[in-house]
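Trainee: Okay, so here is input22.cif, and as you'll see once you scroll down, it has mmCIF, C-alpha atoms.
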data_protein
#
loop_
_atom_site.group_PDB
_atom_site.id
_atom_site.type_symbol
_atom_site.label_atom_id
_atom_site.label_comp_id
_atom_site.auth_asym_id
_atom_site.auth_seq_id
_atom_site.Cartn_x
_atom_site.Cartn_y
_atom_site.Cartn_z
ATOM 1 C CA MET A 163 -32.095 -108.437 65.416
ATOM 2 C CA LEU A 164 -32.750 -105.160 63.629
ATOM 3 C CA THR A 165 -36.338 -104.089 63.143
ATOM 4 C CA CYS A 166 -37.680 -103.734 59.583
ATOM 5 C CA LYS A 167 -37.805 -99.969 60.061
ATOM 6 C CA GLU A 168 -34.146 -99.895 61.056
ATOM 7 C CA PHE A 169 -33.291 -102.070 58.063
ATOM 8 C CA LEU A 170 -35.189 -99.781 55.704
ATOM 9 C CA SER A 171 -33.458 -96.668 57.003
ATOM 10 C CA GLU A 172 -30.066 -98.225 56.184
ATOM 11 C CA LEU A 173 -31.153 -99.708 52.845
ATOM 12 C CA SER A 174 -29.557 -97.060 50.614
ATOM 13 C CA ASP A 175 -26.177 -97.266 52.332
ATOM 14 C CA TYR A 176 -26.398 -101.059 52.267
ATOM 15 C CA LEU A 177 -27.053 -101.093 48.507
ATOM 16 C CA ASP A 178 -24.253 -98.569 47.952
ATOM 17 C CA GLU A 179 -21.947 -100.659 50.185
ATOM 18 C CA LYS A 180 -21.307 -97.662 52.393
ATOM 19 C CA THR A 181 -22.030 -99.210 55.782
ATOM 20 C CA SER A 182 -19.493 -100.412 58.310
ATOM 21 C CA LEU A 183 -18.715 -104.116 58.198
ATOM 22 C CA GLU A 184 -20.448 -104.615 61.521
ATOM 23 C CA LEU A 185 -23.674 -102.970 60.359
ATOM 24 C CA ARG A 186 -23.503 -104.785 57.032
ATOM 25 C CA GLU A 187 -23.460 -108.127 58.837
ATOM 26 C CA LYS A 188 -26.473 -107.120 60.911
ATOM 27 C CA LEU A 189 -28.359 -106.033 57.782
ATOM 28 C CA GLN A 190 -27.469 -109.244 55.994
ATOM 29 C CA ARG A 191 -28.662 -111.266 58.962
ATOM 30 C CA HIS A 192 -31.934 -109.332 58.909
ATOM 31 C CA ILE A 193 -32.701 -110.156 55.264
ATOM 32 C CA THR A 194 -31.953 -113.823 55.688
ATOM 33 C CA GLU A 195 -34.619 -113.879 58.396
ATOM 34 C CA CYS A 196 -37.135 -111.403 56.968
ATOM 35 C CA PRO A 197 -38.559 -112.315 53.541
ATOM 36 C CA ASN A 198 -40.335 -108.954 53.150
ATOM 37 C CA CYS A 199 -37.154 -106.960 53.631
ATOM 38 C CA TRP A 200 -35.289 -109.335 51.336
ATOM 39 C CA VAL A 201 -37.815 -108.589 48.581
ATOM 40 C CA ILE A 202 -37.699 -104.835 49.207
ATOM 41 C CA CYS A 203 -33.922 -104.940 49.101
ATOM 42 C CA ASP A 204 -33.845 -107.029 45.914
ATOM 43 C CA THR A 205 -36.460 -104.966 44.074
ATOM 44 C CA THR A 206 -34.914 -101.632 45.110
ATOM 45 C CA LYS A 207 -31.573 -102.912 43.830
ATOM 46 C CA LYS A 208 -33.223 -103.811 40.507
ATOM 47 C CA THR A 209 -34.901 -100.391 40.390
ATOM 48 C CA ILE A 210 -31.494 -98.728 40.621
ATOM 49 C CA GLN A 211 -30.062 -101.116 38.021
ATOM 50 C CA VAL A 212 -32.731 -100.423 35.402
ATOM 51 C CA TYR A 213 -32.189 -96.683 35.768
ATOM 52 C CA LYS A 214 -28.393 -96.991 35.740
ATOM 53 C CA GLY A 215 -28.572 -97.964 32.098
ATOM 54 C CA MET A 216 -30.441 -94.810 31.153
ATOM 55 C CA GLN A 217 -28.677 -92.574 28.671
ATOM 56 C CA SER A 218 -28.787 -88.852 29.324
ATOM 57 C CA CYS A 219 -31.548 -87.327 27.253
ATOM 58 C CA THR A 220 -30.539 -86.137 23.891
ATOM 59 C CA ILE A 221 -31.368 -82.480 23.643
ATOM 60 C CA PRO A 222 -34.019 -81.540 21.040
ATOM 61 C CA ASP A 223 -32.344 -80.209 17.861
ATOM 62 C CA ASP A 224 -34.116 -76.847 17.968
ATOM 63 C CA VAL A 225 -33.168 -76.273 21.619
ATOM 64 C CA HIS A 226 -29.540 -77.146 20.821
ATOM 65 C CA ALA A 227 -29.482 -74.820 17.810
ATOM 66 C CA ARG A 228 -30.907 -71.869 19.761
ATOM 67 C CA LEU A 229 -28.471 -72.468 22.630
ATOM 68 C CA MET A 230 -25.438 -72.505 20.349
ATOM 69 C CA ALA A 231 -26.640 -69.404 18.481
ATOM 70 C CA ALA A 232 -27.233 -67.539 21.761
ATOM 71 C CA VAL A 233 -23.846 -68.534 23.178
ATOM 72 C CA GLU A 234 -22.082 -67.545 19.967
ATOM 73 C CA ARG A 235 -23.744 -64.107 20.098
ATOM 74 C CA LYS A 236 -22.646 -63.772 23.708
ATOM 75 C CA MET A 237 -19.067 -64.768 22.864
ATOM 76 C CA ALA A 238 -18.946 -62.335 19.961
ATOM 77 C CA ALA A 239 -20.279 -59.502 22.133
ATOM 78 C CA THR A 240 -17.700 -60.271 24.840
ATOM 79 C CA LYS A 241 -14.863 -60.216 22.300
ATOM 80 C CA LYS A 242 -16.004 -56.821 20.979
ATOM 81 C CA THR A 243 -15.940 -55.243 24.419
ATOM 82 C CA GLU A 244 -12.467 -56.618 25.218
ATOM 83 C CA MET B 110 -39.523 -86.744 27.774
ATOM 84 C CA ALA B 111 -38.225 -89.937 26.186
ATOM 85 C CA ILE B 112 -35.324 -91.579 27.898
ATOM 86 C CA GLU B 113 -33.137 -93.991 25.991
ATOM 87 C CA THR B 114 -32.034 -97.136 27.757
ATOM 88 C CA ILE B 115 -28.656 -97.272 26.112
ATOM 89 C CA PRO B 116 -25.808 -97.954 28.540
ATOM 90 C CA ALA B 117 -24.586 -94.656 29.947
ATOM 91 C CA PRO B 118 -21.006 -93.595 29.285
ATOM 92 C CA PRO B 119 -18.522 -93.755 32.167
ATOM 93 C CA VAL B 120 -19.188 -91.056 34.747
ATOM 94 C CA GLU B 121 -15.579 -90.067 35.429
ATOM 95 C CA ALA B 122 -14.659 -86.712 33.986
ATOM 96 C CA PRO B 123 -12.908 -87.450 30.719
ATOM 97 C CA SER B 124 -9.186 -86.803 30.932
ATOM 98 C CA ASP B 125 -9.427 -84.088 28.299
ATOM 99 C CA GLU B 126 -11.883 -82.117 30.429
ATOM 100 C CA LEU B 127 -9.240 -80.250 32.403
ATOM 101 C CA ASP B 128 -7.659 -79.283 29.120
ATOM 102 C CA LEU B 129 -10.999 -78.067 27.727
ATOM 103 C CA VAL B 130 -11.669 -76.026 30.873
ATOM 104 C CA ALA B 131 -8.169 -74.502 30.761
ATOM 105 C CA ARG B 132 -8.609 -73.558 27.106
ATOM 106 C CA ALA B 133 -12.095 -72.156 27.748
ATOM 107 C CA LYS B 134 -10.665 -70.052 30.597
ATOM 108 C CA ALA B 135 -8.086 -68.693 28.177
ATOM 109 C CA GLY B 136 -10.917 -67.564 25.906
ATOM 110 C CA ASP B 137 -10.995 -70.475 23.438
ATOM 111 C CA SER B 138 -14.628 -70.458 22.306
ATOM 112 C CA ALA B 139 -14.328 -73.844 20.566
ATOM 113 C CA ALA B 140 -13.320 -75.407 23.894
ATOM 114 C CA PHE B 141 -16.296 -73.822 25.648
ATOM 115 C CA SER B 142 -18.606 -75.084 22.888
ATOM 116 C CA ALA B 143 -17.177 -78.567 23.400
ATOM 117 C CA LEU B 144 -18.060 -78.357 27.105
ATOM 118 C CA ILE B 145 -21.583 -77.287 26.173
ATOM 119 C CA ASN B 146 -21.970 -80.209 23.794
ATOM 120 C CA ARG B 147 -20.842 -82.565 26.509
ATOM 121 C CA TYR B 148 -23.342 -81.442 29.140
ATOM 122 C CA GLU B 149 -26.261 -79.659 27.439
ATOM 123 C CA GLY B 150 -28.445 -82.810 27.353
ATOM 124 C CA LYS B 151 -28.040 -83.465 31.064
ATOM 125 C CA ILE B 152 -28.509 -79.806 31.989
ATOM 126 C CA PHE B 153 -31.650 -79.591 29.865
ATOM 127 C CA ARG B 154 -33.033 -82.711 31.544
ATOM 128 C CA LEU B 155 -32.190 -81.262 34.968
ATOM 129 C CA ALA B 156 -33.908 -77.991 34.082
ATOM 130 C CA MET B 157 -36.978 -79.905 32.844
ATOM 131 C CA ASN B 158 -36.960 -81.936 36.061
ATOM 132 C CA ILE B 159 -37.107 -78.812 38.192
ATOM 133 C CA THR B 160 -39.215 -76.387 36.152
ATOM 134 C CA GLN B 161 -41.433 -79.011 34.462
ATOM 135 C CA ASN B 162 -41.871 -76.577 31.626
ATOM 136 C CA ARG B 163 -40.027 -76.759 28.295
ATOM 137 C CA GLU B 164 -39.834 -73.024 27.727
ATOM 138 C CA ASP B 165 -38.507 -72.343 31.232
ATOM 139 C CA ALA B 166 -36.078 -75.248 30.897
ATOM 140 C CA GLU B 167 -34.690 -73.799 27.686
ATOM 141 C CA ASP B 168 -34.232 -70.404 29.370
ATOM 142 C CA VAL B 169 -32.473 -72.092 32.293
ATOM 143 C CA LEU B 170 -30.207 -73.979 29.908
ATOM 144 C CA GLN B 171 -29.144 -70.792 28.134
ATOM 145 C CA GLU B 172 -28.775 -68.753 31.315
ATOM 146 C CA ALA B 173 -26.715 -71.486 32.973
ATOM 147 C CA PHE B 174 -24.222 -71.630 30.110
ATOM 148 C CA PHE B 175 -24.122 -67.812 29.915
ATOM 149 C CA LYS B 176 -23.236 -67.671 33.617
ATOM 150 C CA ALA B 177 -20.686 -70.422 33.196
ATOM 151 C CA PHE B 178 -19.129 -68.515 30.309
ATOM 152 C CA GLU B 179 -19.021 -65.276 32.319
ATOM 153 C CA HIS B 180 -17.597 -66.869 35.450
ATOM 154 C CA ILE B 181 -15.441 -69.687 34.154
ATOM 155 C CA ASP B 182 -12.359 -67.975 35.597
ATOM 156 C CA GLN B 183 -13.904 -68.603 39.033
ATOM 157 C CA PHE B 184 -14.147 -72.360 38.452
ATOM 158 C CA GLN B 185 -11.449 -73.762 40.698
ATOM 159 C CA GLY B 186 -11.180 -77.184 39.164
ATOM 160 C CA ASN B 187 -11.353 -78.933 42.540
ATOM 161 C CA SER B 188 -14.759 -80.316 41.617
ATOM 162 C CA LYS B 189 -16.029 -81.697 38.333
ATOM 163 C CA PHE B 190 -17.125 -79.144 35.764
ATOM 164 C CA TYR B 191 -20.470 -80.971 35.670
ATOM 165 C CA THR B 192 -21.029 -80.456 39.424
ATOM 166 C CA TRP B 193 -20.252 -76.770 38.980
ATOM 167 C CA ILE B 194 -22.610 -76.277 36.023
ATOM 168 C CA VAL B 195 -25.351 -78.266 37.790
ATOM 169 C CA ARG B 196 -25.143 -75.892 40.712
ATOM 170 C CA ILE B 197 -25.466 -72.880 38.431
ATOM 171 C CA ALA B 198 -28.391 -74.470 36.563
ATOM 172 C CA VAL B 199 -30.210 -75.391 39.792
ATOM 173 C CA ASN B 200 -29.946 -71.772 40.977
ATOM 174 C CA GLN B 201 -31.258 -70.494 37.648
ATOM 175 C CA ALA B 202 -34.125 -73.008 37.721
ATOM 176 C CA LEU B 203 -35.098 -71.977 41.249
ATOM 177 C CA MET B 204 -35.111 -68.332 40.198
ATOM 178 C CA LYS B 205 -37.532 -69.287 37.422
ATOM 179 C CA LEU B 206 -39.814 -71.041 39.878
ATOM 180 C CA ARG B 207 -39.735 -68.021 42.179
ATOM 181 C CA LYS B 208 -40.682 -65.719 39.352
ATOM 182 C CA ARG B 209 -43.449 -68.004 38.226
ATOM 183 C CA LYS B 210 -44.898 -68.416 41.672
ATOM 184 C CA SER B 211 -44.030 -64.845 42.706
ATOM 185 C CA ASP B 212 -42.879 -66.427 45.922
ATOM 186 C CA ARG B 213 -39.451 -65.661 47.297
ATOM 187 C CA THR B 214 -39.286 -68.718 49.499
ATOM 188 C CA VAL B 215 -39.345 -71.403 46.826
ATOM 189 C CA SER B 216 -36.657 -73.977 47.357
ATOM 190 C CA LEU B 217 -36.028 -77.289 45.711
ATOM 191 C CA ASP B 218 -36.405 -78.890 49.065
ATOM 192 C CA GLU B 219 -39.672 -77.447 50.256
ATOM 193 C CA GLN B 220 -41.358 -80.770 50.772
ATOM 194 C CA ILE B 221 -41.931 -81.642 54.403
ATOM 195 C CA ASP B 222 -40.829 -85.107 55.372
ATOM 196 C CA THR B 223 -43.725 -86.845 57.000
ATOM 197 C CA GLY B 224 -42.323 -90.329 56.769
ATOM 198 C CA GLU B 225 -45.383 -91.299 54.707
ATOM 199 C CA ASP B 226 -43.250 -91.827 51.632
ATOM 200 C CA MET B 227 -41.184 -94.424 53.438
ATOM 201 C CA VAL B 228 -44.170 -96.731 53.543
ATOM 202 C CA VAL B 229 -43.755 -99.752 51.311
ATOM 203 C CA ARG B 230 -47.190 -100.429 49.915
ATOM 204 C CA GLU B 231 -46.788 -103.875 48.465
ATOM 205 C CA VAL B 232 -44.111 -106.450 48.881
ATOM 206 C CA ALA B 233 -43.949 -108.705 45.841
ATOM 207 C CA ALA B 234 -40.947 -110.354 44.245
ATOM 208 C CA TRP B 235 -39.950 -109.426 40.702
ATOM 209 C CA ASP B 236 -38.676 -111.561 37.870
ATOM 210 C CA PRO B 237 -34.901 -111.822 37.794
ATOM 211 C CA ASP B 238 -34.843 -109.688 34.621
ATOM 212 C CA PRO B 239 -38.133 -107.786 34.776
ATOM 213 C CA GLU B 240 -37.207 -105.492 31.899
ATOM 214 C CA GLU B 241 -37.199 -108.405 29.466
ATOM 215 C CA ARG B 242 -40.995 -108.452 29.578
ATOM 216 C CA PHE B 243 -41.131 -105.112 27.744
ATOM 217 C CA SER B 244 -39.859 -103.687 24.492
ATOM 218 C CA ARG B 245 -37.179 -101.047 24.670
ATOM 219 C CA GLU B 246 -39.711 -98.314 23.892
ATOM 220 C CA GLU B 247 -42.121 -99.584 26.548
ATOM 221 C CA MET B 248 -39.346 -99.732 29.138
ATOM 222 C CA SER B 249 -38.255 -96.249 28.252
ATOM 223 C CA GLN B 250 -41.797 -94.963 28.744
ATOM 224 C CA ILE B 251 -42.314 -96.851 32.017
ATOM 225 C CA LEU B 252 -39.068 -95.538 33.483
ATOM 226 C CA SER B 253 -39.593 -91.940 32.439
ATOM 227 C CA ASP B 254 -43.251 -91.904 33.580
ATOM 228 C CA ALA B 255 -42.233 -93.236 36.994
ATOM 229 C CA ILE B 256 -39.450 -90.698 37.429
ATOM 230 C CA ASP B 257 -41.649 -87.830 36.186
ATOM 231 C CA ASP B 258 -44.096 -88.724 38.945
ATOM 232 C CA LEU B 259 -41.608 -87.948 41.721
ATOM 233 C CA THR B 260 -41.438 -84.512 43.306
ATOM 234 C CA PRO B 261 -38.677 -82.292 41.820
ATOM 235 C CA ILE B 262 -36.224 -82.733 44.708
ATOM 236 C CA TYR B 263 -36.481 -86.544 44.663
ATOM 237 C CA ARG B 264 -36.280 -86.628 40.881
ATOM 238 C CA THR B 265 -33.224 -84.395 40.883
ATOM 239 C CA VAL B 266 -31.374 -86.227 43.650
ATOM 240 C CA PHE B 267 -32.116 -89.607 42.076
ATOM 241 C CA THR B 268 -31.056 -88.471 38.590
ATOM 242 C CA LEU B 269 -27.780 -86.928 39.732
ATOM 243 C CA ARG B 270 -26.910 -89.781 42.051
ATOM 244 C CA ASP B 271 -28.182 -92.944 40.364
ATOM 245 C CA VAL B 272 -28.422 -91.996 36.680
ATOM 246 C CA ASP B 273 -25.529 -89.560 36.257
ATOM 247 C CA GLY B 274 -23.435 -91.350 38.866
ATOM 248 C CA LEU B 275 -22.358 -88.383 41.004
ATOM 249 C CA SER B 276 -21.262 -89.311 44.517
ATOM 250 C CA THR B 277 -23.418 -88.375 47.504
ATOM 251 C CA GLU B 278 -20.931 -85.603 48.341
ATOM 252 C CA GLU B 279 -20.975 -84.220 44.780
ATOM 253 C CA THR B 280 -24.781 -84.295 44.726
ATOM 254 C CA ALA B 281 -24.839 -82.425 48.050
ATOM 255 C CA GLU B 282 -22.438 -79.829 46.664
ATOM 256 C CA ALA B 283 -24.384 -79.397 43.425
ATOM 257 C CA LEU B 284 -27.722 -78.996 45.200
ATOM 258 C CA ASP B 285 -26.457 -77.114 48.238
ATOM 259 C CA LEU B 286 -27.831 -79.771 50.563
ATOM 260 C CA THR B 287 -26.146 -81.568 53.440
ATOM 261 C CA VAL B 288 -24.935 -85.132 52.902
ATOM 262 C CA PRO B 289 -27.580 -86.578 55.297
ATOM 263 C CA ALA B 290 -30.279 -84.601 53.424
ATOM 264 C CA VAL B 291 -29.141 -86.110 50.114
ATOM 265 C CA LYS B 292 -29.100 -89.581 51.648
ATOM 266 C CA SER B 293 -32.600 -89.369 53.064
ATOM 267 C CA ARG B 294 -34.018 -87.952 49.828
ATOM 268 C CA LEU B 295 -32.249 -90.590 47.784
ATOM 269 C CA LEU B 296 -33.669 -93.376 49.924
ATOM 270 C CA ARG B 297 -37.177 -91.994 49.584
ATOM 271 C CA ALA B 298 -36.781 -91.499 45.848
ATOM 272 C CA ARG B 299 -35.535 -95.065 45.395
ATOM 273 C CA LEU B 300 -38.376 -96.520 47.464
ATOM 274 C CA GLN B 301 -40.997 -94.466 45.643
ATOM 275 C CA LEU B 302 -39.650 -95.545 42.265
ATOM 276 C CA ARG B 303 -39.569 -99.160 43.429
ATOM 277 C CA ASP B 304 -43.196 -98.779 44.398
ATOM 278 C CA LYS B 305 -44.132 -97.286 41.017
ATOM 279 C CA LEU B 306 -42.308 -99.972 39.037
ATOM 280 C CA ASN B 307 -43.767 -102.728 41.176
ATOM 281 C CA ARG B 308 -46.999 -103.007 39.216
ATOM 282 C CA PHE B 309 -45.071 -103.576 35.996
ATOM 283 C CA PHE B 310 -42.323 -105.834 37.260
ATOM 284 C CA LYS B 311 -43.832 -108.033 39.950
ATOM 285 C CA ARG B 312 -44.045 -111.717 39.213
ATOM 286 C CA LYS B 313 -47.333 -112.612 37.655
ATOM 287 C CA GLY B 314 -49.602 -115.371 38.937
ATOM 288 C CA ASP B 315 -47.151 -116.273 41.600
ATOM 289 C CA ASP B 316 -47.145 -116.084 45.331
ATOM 290 C CA ALA B 317 -44.608 -113.459 46.245
ATOM 291 C CA PHE B 318 -42.450 -115.880 48.179
ATOM 292 C CA ALA B 319 -43.196 -119.116 46.342
ATOM 293 C CA TYR B 320 -39.671 -119.468 45.081
ATOM 294 C CA MET B 321 -37.880 -118.489 48.225
#
Step by step, read the file and then write its structure as structure tokens.

Mentor:
Amino acid sequence: MLTCKEFLSELSDYLDEKTSLELREKLQRHITECPNCWVICDTTKKTIQVYKGMQSCTIPDDVHARLMAAVERKMAATKKTE
Amino acid sequence: MAIETIPAPPVEAPSDELDLVARAKAGDSAAFSALINRYEGKIFRLAMNITQNREDAEDVLQEAFFKAFEHIDQFQGNSKFYTWIVRIAVNQALMKLRKRKSDRTVSLDEQIDTGEDMVVREVAAWDPDPEERFSREEMSQILSDAIDDLTPIYRTVFTLRDVDGLSTEETAEALDLTVPAVKSRLLRARLQLRDKLNRFFKRKGDDAFAYM
């Protein structure tokens, strides 16, 4: 059986379903026999899920306005030199 | 920085993106503005994540889009436009940090891995839907506080990979890290966030394994 440390080091790939089938079976066997690792696996999965729903931050209006004004100036200057 | 918990849009590059990039390359300023509108929020968040300073982040945002505008003819189109602009923005943000610290060796990845951050402090089961215990505003605050608490490299890797939905390979390309380096930082970031959320989400008044 895998040790808890070995399980933990493969946890990300396991949650992303990126392990080989053989390793996946070993990891699955480990969590059926190790309640601590089962909880860590379950709660890490939930952690990823709650963040997955996060919308990208909306940019503050003033920052957006200054960006667009700066880029427009840049574009205008580039056109002049062409 | 408030983070909305509205479902994120699909991560695949929209089919019109290639068209926008082609038009921007041909000098169509409206197409370039459309690309800015699509990614400015994410690039600003990324810049905030790295510089942790609003003024610097705004500079990074502007400089990144200036560079993109100047060099768009060099964008090959074999990666997503977002990956390309992230890479530019990360470089600009690191230059800011170097200037601020007057230290030429600043890198996003300067943290030394001691293995300490792999330690799981408390193992306690969570409710099946832990977020239902909180209002949307409370959840938003909890999630952004927890992520703000991570070091910049973990925050950046986690955001690109798990929030923006880039692949491990794309994240590696954007941050100029190896794939194994992204993987190990992602694992640590996920475990640290799990640890930070634990005190909010663990089952109350219950033995951790009572229902197992």

Trainee: When the PyMOL selection byres ((chain A) within 10 of (chain B)) is applied to the structure above, which residues does it catch, written out as a VMD selection string?

Mentor: chain A and resid 167 170 to 175 197 to 222 225 to 226 228 to 230 232 to 234 236 to 238 240 to 241

Trainee: For segment 227-237 of chain A, take all atoms listed in the file, fit an axis-aligned box around them, add 6 Å to each of the six sides, then output centre and edge lengths in Å rounded to one decimal, as JSON.

Mentor:
{"center_x": -25.0, "center_y": -69.3, "center_z": 20.8, "size_x": 23.8, "size_y": 23.0, "size_z": 17.9}

Trainee: Rounded to one decimal, what separation in Å do you get between atom CA of Val169 of chain B and atom CA of Leu206 of chain B?

Mentor: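 Atom CA of Leu206 of chain B lies 10.6 Å from atom CA of Val169 of chain B.
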
Trainee: Do you know which residues are at most 9 Å from Arg191 of chain A counting all atoms listed in the file, after dropping those on the same chain fewer than 5 positions away, and could you put them as a list in words?

Mentor: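 Answer for this query is Met163, Leu164, Arg186 and Cys196 of chain A.
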
Trainee: So how far away is atom CA of Arg209 of chain B from atom CA of Asp285 of chain B, in Å?

Mentor: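 That distance, rounded to one decimal, is 21.7 Å.
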
Trainee: Go ahead and compute the interatomic distance for atom CA of Ala139 of chain B and atom CA of Gln183 of chain B, in Å to one decimal.

Mentor: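 Atom-to-atom, atom CA of Ala139 of chain B and atom CA of Gln183 of chain B are spaced 19.2 Å apart.
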
Trainee: Supply segment 259-271 of chain B as a tab-separated table (two decimals), keeping the file's coordinate frame, with N, CA and C atoms built in where the input has gaps.

Mentor:
chain	number	residue	atom	x	y	z
B	259	LEU	N	-42.22	-88.33	40.44
B	259	LEU	CA	-41.61	-87.95	41.72
B	259	LEU	C	-41.65	-86.42	41.88
B	260	THR	N	-41.54	-85.97	43.11
B	260	THR	CA	-41.44	-84.51	43.31
B	260	THR	C	-40.06	-84.05	42.79
B	261	PRO	N	-39.93	-82.76	42.42
B	261	PRO	CA	-38.68	-82.29	41.82
B	261	PRO	C	-37.42	-82.62	42.62
B	262	ILE	N	-37.46	-82.48	43.94
B	262	ILE	CA	-36.22	-82.73	44.71
B	262	ILE	C	-35.83	-84.21	44.63
B	263	TYR	N	-36.81	-85.11	44.73
B	263	TYR	CA	-36.48	-86.54	44.66
B	263	TYR	C	-35.98	-86.91	43.27
B	264	ARG	N	-36.66	-86.34	42.26
B	264	ARG	CA	-36.28	-86.63	40.88
B	264	ARG	C	-34.85	-86.15	40.61
B	265	THR	N	-34.54	-84.97	41.14
B	265	THR	CA	-33.22	-84.40	40.88
B	265	THR	C	-32.13	-85.17	41.61
B	266	VAL	N	-32.38	-85.47	42.89
B	266	VAL	CA	-31.37	-86.23	43.65
B	266	VAL	C	-31.16	-87.60	43.01
B	267	PHE	N	-32.24	-88.27	42.66
B	267	PHE	CA	-32.12	-89.61	42.08
B	267	PHE	C	-31.36	-89.55	40.74
B	268	THR	N	-31.70	-88.57	39.91
B	268	THR	CA	-31.06	-88.47	38.59
B	268	THR	C	-29.56	-88.21	38.73
B	269	LEU	N	-29.21	-87.24	39.58
B	269	LEU	CA	-27.78	-86.93	39.73
B	269	LEU	C	-27.02	-88.11	40.31
B	270	ARG	N	-27.62	-88.74	41.30
B	270	ARG	CA	-26.91	-89.78	42.05
B	270	ARG	C	-26.92	-91.13	41.31
B	271	ASP	N	-28.08	-91.58	40.90
B	271	ASP	CA	-28.18	-92.94	40.36
B	271	ASP	C	-28.14	-93.02	38.84
